[in-house]
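Enquirer: Following this message is one structure expressed as structure tokens.
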Amino acid sequence: RIPLLIDTDPGVDDALALLMAFADPRHDVVGLTIAAGNVGLRHTVANALKLCEVAGRSDIPVYAGCEAPLLYPSPDAGNVHGQDGFGDVGYEAAIRQPEAEHAAHAILRLSHQHAGKLLLVALGPLTNLALALKLDPTLPERIARLVVMGGAVTCHGNITPAAEFNVYFDPEAAHIVFEAFPRFDLADWEATVAHGLHHDSVVQWLRSGGDVAAFYERISRKTREWSADRRGDHWHSADGLAMAYALQPDGALETAERALDVALDGPHSRGATIVDWQRQTGRPDRARILLRYDQARFEALVQGAVGAA
Ligand code: BDR
Ligand code: CA
């Protein structure tokens, strides 16, 4: 089985992605490193621990990471995910505590333990990963594949007109990561929008699942309502799509390999991902950008994650 390390800021769509990973028979989740992002670190750690408990996966170690972006504070997404990141349903805290080791150290240690085999999936702001790279710039040599949920490749952002939330939250970290990895896979916000899940289908899947689905139905209700009000019939699970791309890369029907970088300044441009679509810079094509994924496969993975019949 392929060892899988997930850096995440749960977050409702992170939770779906984690359930997809837990359900996958070909991958072995070796740890969750937790970022601040959707909400503060205290909540994202508590949410990760709770999700593991509900899913019967308290064997997976959870490592708390950075409390804030590398340089500047950034607003969270509590308006989308609930102020606690899990829909403010008032769940009872998990019994377990996170590990003592910092997320950045855990990333490095696990990269040695699973050198050359590790699939690393980043579903939140890239702060922990950037810190790990600063501690040890040889990290990419030991990672078999990096998949990032982030960016808006033609600047149709979801947090500013040009920027996507994960990159906008910590643009310096994203810049560090994108510069350090010679190759990585990117599932961006625009791919997310192109692969919506119909609200009626989601409700049906969640109703036909067991306890895990019932928990997920509760914690995702607020954000699904928020999304239905603003974005219509389809719900957009950015981290779910990224996880599908990670778990089953052959489900990608169209990708594009290009150079990309992050704009670090400018009132309109900070946090935007600038893709060299026309290959004007001569910089290497480091990102394999997901453009189209097999929708049926994506939906089957989501259904499998919540145990829907
Ligand atoms: C990303 O931002 C977060 O709100 C989601 O969890 C996802 O990782 C989408 O832009
Ligand atoms: Ca996320």
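Scheme for the structure tokens: letters A, B, ... for chains in order shown; per-chain residue numbers from 1; ligand numbers from 1 in order shown.
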List all protein, DNA and RNA residues that have an atom no more than 7 Å from any atom of ligand 1, counting only C-alpha atoms and all ligand atoms, and report them as a VMD selection string.

Expert: chain A and resid 9 to 14 38 77 123 to 124 149 to 150 158 164 to 166 189 238 to 239

Enquirer: Save the residues we just selected, N, CA and C atoms, as a PDB file, in the first residue's frame?

Expert:
ATOM      1  N   ASP A   9      -6.435  21.380   6.889  1.00  0.00           N
ATOM      2  CA  ASP A   9      -6.992  22.356   7.838  1.00  0.00           C
ATOM      3  C   ASP A   9      -8.501  22.120   8.004  1.00  0.00           C
ATOM      4  N   PRO A  10      -8.906  20.986   8.549  1.00  0.00           N
ATOM      5  CA  PRO A  10     -10.339  20.640   8.534  1.00  0.00           C
ATOM      6  C   PRO A  10     -11.194  21.623   9.328  1.00  0.00           C
ATOM      7  N   GLY A  11     -12.202  22.187   8.689  1.00  0.00           N
ATOM      8  CA  GLY A  11     -12.691  22.212   7.328  1.00  0.00           C
ATOM      9  C   GLY A  11     -13.547  21.057   6.862  1.00  0.00           C
ATOM     10  N   VAL A  12     -14.735  21.486   6.290  1.00  0.00           N
ATOM     11  CA  VAL A  12     -15.739  20.515   5.869  1.00  0.00           C
ATOM     12  C   VAL A  12     -15.284  19.730   4.646  1.00  0.00           C
ATOM     13  N   ASP A  13     -14.716  20.385   3.646  1.00  0.00           N
ATOM     14  CA  ASP A  13     -14.322  19.608   2.463  1.00  0.00           C
ATOM     15  C   ASP A  13     -13.038  18.826   2.732  1.00  0.00           C
ATOM     16  N   ASP A  14     -12.192  19.319   3.643  1.00  0.00           N
ATOM     17  CA  ASP A  14     -11.048  18.518   4.092  1.00  0.00           C
ATOM     18  C   ASP A  14     -11.554  17.204   4.694  1.00  0.00           C
ATOM     19  N   ASN A  38      -8.796  27.339   7.354  1.00  0.00           N
ATOM     20  CA  ASN A  38     -10.254  27.529   7.377  1.00  0.00           C
ATOM     21  C   ASN A  38     -10.695  28.166   8.688  1.00  0.00           C
ATOM     22  N   ALA A  77     -11.856  31.246   7.112  1.00  0.00           N
ATOM     23  CA  ALA A  77     -13.058  30.977   6.312  1.00  0.00           C
ATOM     24  C   ALA A  77     -14.172  30.442   7.204  1.00  0.00           C
ATOM     25  N   LEU A 123      -3.950  19.965   1.605  1.00  0.00           N
ATOM     26  CA  LEU A 123      -5.335  20.412   1.417  1.00  0.00           C
ATOM     27  C   LEU A 123      -5.609  21.757   2.076  1.00  0.00           C
ATOM     28  N   GLY A 124      -4.581  22.378   2.599  1.00  0.00           N
ATOM     29  CA  GLY A 124      -4.771  23.663   3.284  1.00  0.00           C
ATOM     30  C   GLY A 124      -3.678  24.624   2.884  1.00  0.00           C
ATOM     31  N   MET A 149      -4.013  21.044  -3.239  1.00  0.00           N
ATOM     32  CA  MET A 149      -5.249  21.759  -3.569  1.00  0.00           C
ATOM     33  C   MET A 149      -4.944  23.234  -3.353  1.00  0.00           C
ATOM     34  N   GLY A 150      -4.963  23.992  -4.439  1.00  0.00           N
ATOM     35  CA  GLY A 150      -4.700  25.414  -4.279  1.00  0.00           C
ATOM     36  C   GLY A 150      -4.654  26.133  -5.607  1.00  0.00           C
ATOM     37  N   ASN A 158     -11.636  32.514  -5.364  1.00  0.00           N
ATOM     38  CA  ASN A 158     -12.808  32.375  -4.494  1.00  0.00           C
ATOM     39  C   ASN A 158     -12.702  33.215  -3.220  1.00  0.00           C
ATOM     40  N   GLU A 164      -7.201  32.177  -4.779  1.00  0.00           N
ATOM     41  CA  GLU A 164      -7.886  31.046  -4.110  1.00  0.00           C
ATOM     42  C   GLU A 164      -7.473  31.035  -2.637  1.00  0.00           C
ATOM     43  N   PHE A 165      -8.353  30.531  -1.780  1.00  0.00           N
ATOM     44  CA  PHE A 165      -8.159  30.664  -0.334  1.00  0.00           C
ATOM     45  C   PHE A 165      -6.825  30.100   0.185  1.00  0.00           C
ATOM     46  N   ASN A 166      -6.479  28.867  -0.141  1.00  0.00           N
ATOM     47  CA  ASN A 166      -5.284  28.249   0.467  1.00  0.00           C
ATOM     48  C   ASN A 166      -4.016  29.025   0.129  1.00  0.00           C
ATOM     49  N   TRP A 189      -8.971  25.759  -7.760  1.00  0.00           N
ATOM     50  CA  TRP A 189     -10.364  26.109  -7.505  1.00  0.00           C
ATOM     51  C   TRP A 189     -11.213  26.021  -8.779  1.00  0.00           C
ATOM     52  N   ALA A 238     -13.549  21.217  -2.969  1.00  0.00           N
ATOM     53  CA  ALA A 238     -12.195  21.396  -3.511  1.00  0.00           C
ATOM     54  C   ALA A 238     -11.267  20.272  -3.043  1.00  0.00           C
ATOM     55  N   ASP A 239     -11.273  20.023  -1.747  1.00  0.00           N
ATOM     56  CA  ASP A 239     -10.338  19.026  -1.216  1.00  0.00           C
ATOM     57  C   ASP A 239     -10.742  17.614  -1.631  1.00  0.00           C
TER      58      ASP A 239
END

Enquirer: Would you mind telling me which residue in A:Ser237, A:Thr273, A:Asn79, A:Asn128 lies nearest to ligand 2 when using only C-alpha atoms and all ligand atoms?

Expert: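 Smallest distance to ligand 2 is found for A:Ser237.
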
Enquirer: Find the residues near stretch 102-113 of chain A: any atom within 10 Å, counting only C-alpha atoms, skip ones fewer than 2 places away on the same chain, and give them as a ChimeraX atom specification.

Expert: /A:3-7,30-35,61-66,98-100,115-120,127-136,138-144

Enquirer: Generate a file of the selected residues that holds C-alpha atoms, formatted as a PDB file, in the first residue's frame.

Expert:
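result.pdb was written with the following content:
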ATOM      1  CA  PRO A   3       1.965   5.569   2.353  1.00  0.00           C
ATOM      2  CA  LEU A   4      -0.092   8.764   2.355  1.00  0.00           C
ATOM      3  CA  LEU A   5       0.589  11.846   4.473  1.00  0.00           C
ATOM      4  CA  ILE A   6      -2.069  14.561   4.469  1.00  0.00           C
ATOM      5  CA  ASP A   7      -1.486  18.177   5.474  1.00  0.00           C
ATOM      6  CA  VAL A  30       0.466   7.422   7.921  1.00  0.00           C
ATOM      7  CA  GLY A  31      -0.319  10.784   9.505  1.00  0.00           C
ATOM      8  CA  LEU A  32      -2.276  14.009   9.437  1.00  0.00           C
ATOM      9  CA  THR A  33      -0.318  17.235   9.805  1.00  0.00           C
ATOM     10  CA  ILE A  34      -2.570  20.088  10.680  1.00  0.00           C
ATOM     11  CA  ALA A  35      -2.496  23.643   9.392  1.00  0.00           C
ATOM     12  CA  PRO A  61      -1.306  10.132  14.381  1.00  0.00           C
ATOM     13  CA  VAL A  62      -2.305  13.802  14.263  1.00  0.00           C
ATOM     14  CA  TYR A  63       0.412  16.485  14.431  1.00  0.00           C
ATOM     15  CA  ALA A  64      -0.363  20.141  15.134  1.00  0.00           C
ATOM     16  CA  GLY A  65       1.485  22.615  12.937  1.00  0.00           C
ATOM     17  CA  CYS A  66       1.842  26.367  12.561  1.00  0.00           C
ATOM     18  CA  PRO A  98      -2.433  15.376  19.168  1.00  0.00           C
ATOM     19  CA  GLU A  99       1.125  14.033  19.166  1.00  0.00           C
ATOM     20  CA  ALA A 100       3.822  16.172  20.801  1.00  0.00           C
ATOM     21  CA  ALA A 115      11.623   7.751   1.436  1.00  0.00           C
ATOM     22  CA  GLY A 116      10.818   7.506  -2.267  1.00  0.00           C
ATOM     23  CA  LYS A 117       7.322   6.130  -1.614  1.00  0.00           C
ATOM     24  CA  LEU A 118       5.421   8.858   0.188  1.00  0.00           C
ATOM     25  CA  LEU A 119       2.371  10.473  -1.388  1.00  0.00           C
ATOM     26  CA  LEU A 120       1.996  13.909   0.192  1.00  0.00           C
ATOM     27  CA  THR A 127       2.682  26.891   5.944  1.00  0.00           C
ATOM     28  CA  ASN A 128       3.762  23.565   7.489  1.00  0.00           C
ATOM     29  CA  LEU A 129       5.249  22.323   4.258  1.00  0.00           C
ATOM     30  CA  ALA A 130       7.149  25.576   3.673  1.00  0.00           C
ATOM     31  CA  LEU A 131       8.566  25.405   7.185  1.00  0.00           C
ATOM     32  CA  ALA A 132       9.619  21.787   6.654  1.00  0.00           C
ATOM     33  CA  LEU A 133      11.369  22.850   3.428  1.00  0.00           C
ATOM     34  CA  LYS A 134      13.231  25.599   5.252  1.00  0.00           C
ATOM     35  CA  LEU A 135      14.338  23.094   7.884  1.00  0.00           C
ATOM     36  CA  ASP A 136      15.436  20.604   5.240  1.00  0.00           C
ATOM     37  CA  THR A 138      16.208  18.033   0.495  1.00  0.00           C
ATOM     38  CA  LEU A 139      12.628  17.051   1.383  1.00  0.00           C
ATOM     39  CA  PRO A 140      11.376  16.913  -2.266  1.00  0.00           C
ATOM     40  CA  GLU A 141      13.968  14.217  -3.057  1.00  0.00           C
ATOM     41  CA  ARG A 142      12.152  11.811  -0.746  1.00  0.00           C
ATOM     42  CA  ILE A 143       8.583  12.558  -1.828  1.00  0.00           C
ATOM     43  CA  ALA A 144       7.208  10.275  -4.548  1.00  0.00           C
TER      44      ALA A 144
END

Enquirer: What's the 10 Å shell around A:Trp205, counting only C-alpha atoms, without same-chain residues fewer than 6 positions away, as a VMD selection string?

Expert: chain A and resid 199 213 217 299 302 to 309

Enquirer: Next, dump the selected residues to file, keeping only N, CA and C atoms, as a compact mmCIF listing (two decimals), in the first residue's frame.

Expert:
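Wrote selection_18.txt, looks like this:
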# COMPACT_ATOMS: atom_id res chain seq x y z
N HIS A 199 -26.44 18.90 -5.18
CA HIS A 199 -26.88 18.85 -3.78
C HIS A 199 -27.80 17.67 -3.51
N ALA A 213 -21.53 8.85 7.82
CA ALA A 213 -22.29 9.72 6.92
C ALA A 213 -23.19 10.65 7.72
N GLU A 217 -23.10 14.53 7.54
CA GLU A 217 -24.31 15.28 7.16
C GLU A 217 -24.48 16.48 8.10
N GLU A 299 -17.37 10.88 -8.08
CA GLU A 299 -18.58 10.67 -7.28
C GLU A 299 -18.56 9.30 -6.60
N VAL A 302 -16.49 9.61 -3.53
CA VAL A 302 -17.21 10.33 -2.46
C VAL A 302 -18.22 9.39 -1.81
N GLN A 303 -18.96 8.67 -2.63
CA GLN A 303 -19.95 7.73 -2.08
C GLN A 303 -19.28 6.68 -1.21
N GLY A 304 -18.16 6.15 -1.69
CA GLY A 304 -17.43 5.15 -0.93
C GLY A 304 -16.98 5.70 0.42
N ALA A 305 -16.61 6.98 0.43
CA ALA A 305 -16.10 7.60 1.65
C ALA A 305 -17.14 7.67 2.73
N VAL A 306 -18.40 7.87 2.34
CA VAL A 306 -19.46 8.00 3.36
C VAL A 306 -20.26 6.71 3.49
N GLY A 307 -19.78 5.67 2.83
CA GLY A 307 -20.41 4.36 2.97
C GLY A 307 -21.80 4.30 2.36
N ALA A 308 -22.02 5.14 1.32
CA ALA A 308 -23.35 5.14 0.70
C ALA A 308 -23.53 3.89 -0.15
N ALA A 309 -24.71 3.36 -0.10
CA ALA A 309 -25.00 2.11 -0.85
C ALA A 309 -25.07 2.41 -2.33

Enquirer: Tell me which of A:His236, A:Arg292, A:Lys50, A:His195 sits closest to A:Leu18, counting only C-alpha atoms.

Expert: A:Lys50

Enquirer: What gap, in Å, lies between atom CA of A:Val148 and atom CA of A:Arg218?

Expert: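 For atom CA of A:Val148 relative to atom CA of A:Arg218, the distance reads 26.9 Å.
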
Enquirer: Could you tell me how far atom CA of A:Pro161 sits from atom CA of A:Leu146, in Å to one decimal place?

Expert: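 Atom CA of A:Leu146 sits 26.6 Å away from atom CA of A:Pro161.
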
Enquirer: I'd like to know which of A:Glu179, A:Glu172, A:His81, A:Ala152 is closest to A:Pro137, using only C-alpha atoms.

Expert: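 The closest residue to A:Pro137 is A:Glu179.
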
Enquirer: State, in Å with one decimal place, the distance from atom CA of A:Asp261 to atom CA of A:Ile176.

Expert: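 Atom CA of A:Asp261 sits 9.5 Å away from atom CA of A:Ile176.
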
Enquirer: Can you pull out every residue within 12 Å of A:Val275, counting only C-alpha atoms, but drop anything in the same chain fewer than 5 positions away, and send it as a list in words?

Expert: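 Close residues of A:Val275: Gly151, Ala152, Val153, Thr154, Cys155, Phe178, Leu186, Asp188, Ala256, Glu257, Arg258, Ala259, Leu260, Asp261, Val262, Ala263, Gln280, Thr281, Arg283, Pro284, Asp285, Arg286, Ala287, Arg288 and Ile289 of chain A.
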